[in-house]
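To start, the structure under review is shown below, and the notes come after it.
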Amino acid sequence: MHELAVTQSILEISLRYANEAGAKQITGINLVIGEFASIVDDSVQFYWDTLAEGTIAQGAILHFERISGEMTCTNCKTVFHPKDTDFSCPNCSSLFVQITKGDEFRVDSIDVESLETQ
Amino acid sequence: MTTRVPIVENILNANDHLAEVNRARLDAAGVFSINIMASPGAGKTSLIEQTLPRLKERFRVAVVDGDIATSIDADRAAQAGADAAIQVNTGGDCHLDAVMLRGALEQLDLSRFELLIVENVGNLVCPASFKLGTHKSVLIASIPEGDDKPYKYPGMYRGVDALVVNKIDLLPYVPFRMEYFTHGVEVLNPGVNTFPLSAKTGEGMDAWLDWLTSQVKSKR
């Protein structure tokens, strides 16, 4: 994935919501990332430290909640976790399977310090 | 006091939104558009070169070429008969995004075309994540790349509407297990329109052109 563009987008979303909430400082960003949405945590944090500098998001900690991948067999409805290159259903060997979890790629919430506390 | 502000917004929301704007613009002009993605060297430009002259009697076609640098691809498209060819240099970025396509659309009088072909930057990872607003996504796989690519780049194989398997003329010379390849494709994208062909010899081109033609016609 493209970590720089992704990080810019996370920052833009976070600042927009923090501004609406009247926050004076963003202390944490809570991200939900599925197993199939490939992204390197360390790279995002690396870009973050540079991009967020001078904004109210400077120093915010990025929390990555990883959602394990899950497939569902459309034939026998078995729910399973795929192994490497074998995506076939472990129960009936069908190849008609759907990804039902693991696509998540969103900013779930941010932790902020509000102006009211000053 | 620390409080939590709920957001629940997709990280690439801004790009997705702009992609919808691009789509609306193409729809308003009655232009059908495809986003061609593939690894470098799979034959994106070659397929476009072979497609353009064969569509010449049917449609007016614009091509938008994404590359990190140079205008080689747009030049080749223009040479092959594109009614317009726009080069977008991404300046280092490994994919086109909706902002870049918007810039290219602004340079085109869309009312003059029925088909827009967008050639993405050669890459099997990033282009899959950035919607452009095009109507259909087409992936070109090629025989020399190897038969394991669906397994290694599932994100790309999952999201496309059509799959061209190029360079089938090389099958006798390259170890490529078609069954293993097809199995991976079927799992990720069951029933995807697949067009085995050779842009070099022309074998299999007709099925691809028929599909493309029917897509353009259904748009008008």
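By order in the structure tokens, chains are A, B, ...; within a chain, residues start at 1; ligands start at 1, following the order shown.
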
Exercise for review: Starting from chain A, keep only residues with some atom at most 7 Å from an atom of chain B, counting only C-alpha atoms, and report them as a ChimeraX atom specification.
Suggested key: /A:1-2,6,9-10,85,87,95-97,105-114,117

Practice item. Once DSSP has gone over the backbone, tell me which residues of range 2-184 of chain B are in strand (DSSP E or B), as a PyMOL selection string. Key: chain B and resi 2-10+32-38+61-67+84-89+115-119+136-142+162-166

Practice item. Write out as JSON, numbers by chain which residues come within 6 Å of Val138 in chain B when counting only C-alpha atoms, dropping same-chain ones fewer than 2 positions away. Key: {"B": [35, 36, 160, 161, 162, 163]}

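CA of Ser33 in chain B lies 20.5 Å from CA of Asn166 in chain B.
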
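Closest to Gly34 in chain A among A:Gly22, A:Pro82, A:Gly69, A:Gly54 is A:Gly69, based on only C-alpha atoms.
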
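With only C-alpha atoms as the atoms that count, the residue of B:Met156, B:Ile143, B:Leu115, B:Leu18 with the shortest distance to Gly43 in chain B is B:Ile143.
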
Exercise for review: Within 12 Å of Arg58 in chain B, counting only C-alpha atoms, which residues show up once you throw out same-chain ones fewer than 4 positions away? Write them as a list in words, please.
Suggested key: Thr51, Leu52, Pro53, Arg54, Phe113, Glu114, Leu115, Leu209, Asp210, Leu212, Thr213, Ser214, Val216 and Lys217 of chain B

Write the selection just made, keeping N, CA and C atoms, as a compact mmCIF listing (two decimals), in the first residue's frame?
```
# COMPACT_ATOMS: atom_id res chain seq x y z
N THR B 51 -5.47 -2.42 -29.70
CA THR B 51 -6.92 -2.23 -29.56
C THR B 51 -7.39 -1.02 -30.37
N LEU B 52 -6.64 0.07 -30.31
CA LEU B 52 -7.08 1.32 -30.93
C LEU B 52 -7.40 1.21 -32.43
N PRO B 53 -6.50 0.66 -33.26
CA PRO B 53 -6.83 0.62 -34.69
C PRO B 53 -8.05 -0.24 -34.97
N ARG B 54 -8.25 -1.28 -34.13
CA ARG B 54 -9.39 -2.19 -34.35
C ARG B 54 -10.71 -1.55 -33.91
N PHE B 113 -15.87 11.96 -27.27
CA PHE B 113 -15.45 10.56 -27.17
C PHE B 113 -16.57 9.63 -26.68
N GLU B 114 -16.42 8.36 -27.05
CA GLU B 114 -17.32 7.35 -26.50
C GLU B 114 -16.59 6.45 -25.50
N LEU B 115 -15.27 6.39 -25.63
CA LEU B 115 -14.49 5.48 -24.78
C LEU B 115 -13.25 6.20 -24.25
N LEU B 209 -12.16 -7.42 -27.80
CA LEU B 209 -12.77 -6.28 -28.49
C LEU B 209 -14.30 -6.34 -28.42
N ASP B 210 -14.84 -7.55 -28.52
CA ASP B 210 -16.29 -7.71 -28.43
C ASP B 210 -16.80 -7.29 -27.06
N LEU B 212 -15.35 -5.24 -24.95
CA LEU B 212 -15.18 -3.79 -24.81
C LEU B 212 -16.28 -3.04 -25.57
N THR B 213 -16.56 -3.52 -26.78
CA THR B 213 -17.58 -2.90 -27.60
C THR B 213 -18.96 -2.97 -26.94
N SER B 214 -19.26 -4.16 -26.39
CA SER B 214 -20.58 -4.29 -25.76
C SER B 214 -20.68 -3.40 -24.52
N VAL B 216 -19.16 -0.46 -24.12
CA VAL B 216 -19.34 0.92 -24.58
C VAL B 216 -20.77 1.14 -25.05
N LYS B 217 -21.28 0.15 -25.78
CA LYS B 217 -22.65 0.29 -26.31
C LYS B 217 -23.68 0.34 -25.21
```

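Nearest to Leu11 in chain A of all the residues A:Glu65, A:Val79, A:Ile29, A:Ser93 is A:Ile29, based on only C-alpha atoms.
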
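Distances here use only C-alpha atoms; by that measure, the residue among B:Pro196, B:Val31, B:Ala77, B:Leu47 closest to Arg60 in chain B is B:Val31.
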
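Nearest residue to Val21 in chain B, choosing from B:Gly133, B:Ile48, B:Val61, B:Val118 and counting only C-alpha atoms: B:Gly133.
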
Exercise for review: Enter the distance from CA of Phe195 in chain B to CA of Tyr153 in chain B, in Å, rounded to one decimal.
Suggested key: 19.0 Å

**Study point:** Neighbour list for Ala141 in chain B as a count of residues only, cut-off 10 Å, only C-alpha atoms, skip fewer than 6 positions in-chain
**Key:** 18

**Study point:** For Pro40 in chain B: contacts at 12 Å, only C-alpha atoms, fewer than 6 positions along chain excluded, given as JSON, numbers by chain
**Key:** {"B": [46, 66, 67, 68, 94, 95, 119, 120, 121, 122, 123, 124, 125, 139, 140, 141, 142, 144, 145]}
